[in-house]
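Asks: Can you keep this structure in mind? I'll have questions shortly.
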Amino acid sequence: MGFFLFDVIEDVFRGAGNLASDAISYTGEKVENTVKDVTGVTAAENAAKKAQEEADRQAEIKRQQLAELRRQREVAAAQQLAQLQQMQRDQEQIISGQKETVAGLRIEQQKKLDLIKSTGSAVASSLKILSQDRKTAPTAAISPKKTRTRSPKTTQASLQIASQGASGRGAGTNISV
C-alpha cells in the first residue's frame with residue numbers, strides 16, 4: 001500500500017507542476033502579446049500576413065493564367081501540326097499528279113518524235129529516189145503535129161424525121177442524156 005500512496009503523491013506534484021508550467025506559459029504568451037500590441041508588432045505581423053495571403057492569391061492567379069496560356073499554346077501547336085501534316089499530304093498528291101502528267105507528256109513527246117523521225121525517213125528516202133538519175137527505156141517516137149489549113153468550117157447534117165424509119169446521123173429526137 002505504500003507504493004500506491006507514493007504514486008498518488010507523485011501524481012499530485014506532477015499535476016501541480018503541469019498546472020504551474022501551463023500558468024507560466026500562458027502568462028508569458030500574454031505578456032509577449034501585450035508587448036507586441038503596444039509596440040505595433042502584432043499589427044505589422046497581421047499586415048504582413050495579409051500581404052502574404054494577397055501575394056499567394058496573386059501568385060495562384062498568375063499560375064492559372066500561365067497554365068491557360070500553356071494549354072492554348074499546346075492546342076495551337078496541335079492545330080499547326082495537323083495543318084502541316086495535311087499540307088504534306090496535299091503536296092505529296094500534287095507531286096504524284098505532276099509525275100503522272102510528266103510521264104504522260106514524255107510518252108506523248110516520244111510518240112511525236114517517233115512520228116517525225118518516221119516521216120523524215122520517208123521524206124528522205126523519197127527525195128533520195130527522186131534525186132537519182134534514172135535511165136528510161138526507149139519509147140515510141142512522137143510524130144510531129146500536122147499543120148491545119150485555115151479554111152472556114154462547115155457542117156454536114158441532114159434532117160430526117162425519125163418516124164420515117166430513118167436511122168443514122170441526125171436521125172431521132174434531140175434529147176440530152
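Please note that chains go A, B, ... in the order of the C-alpha cells, that every chain numbers its residues from 1, and that ligands are numbered from 1 in the order shown.
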Pull the closest atom pair for each residue of stretch 66-107 of chain A that gets at most 12 Å from stretch 111-131 of chain A, along with the distance in Å to one decimal, counting only C-alpha atoms, ordering rows by chain and then ascending residue number, as JSON lines.
Replies:
{"residue": "A:Gly104", "atom": "CA", "partner": "A:Lys111", "partner_atom": "CA", "distance": 10.6}
{"residue": "A:Leu105", "atom": "CA", "partner": "A:Lys111", "partner_atom": "CA", "distance": 9.7}
{"residue": "A:Arg106", "atom": "CA", "partner": "A:Lys111", "partner_atom": "CA", "distance": 8.5}
{"residue": "A:Ile107", "atom": "CA", "partner": "A:Lys111", "partner_atom": "CA", "distance": 6.2}
Asks: To one decimal place in Å, what is the distance between atom CA of A:Asn46 and atom CA of A:Thr34?
Replies: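 Between atom CA of A:Asn46 and atom CA of A:Thr34 the gap is 14.7 Å.
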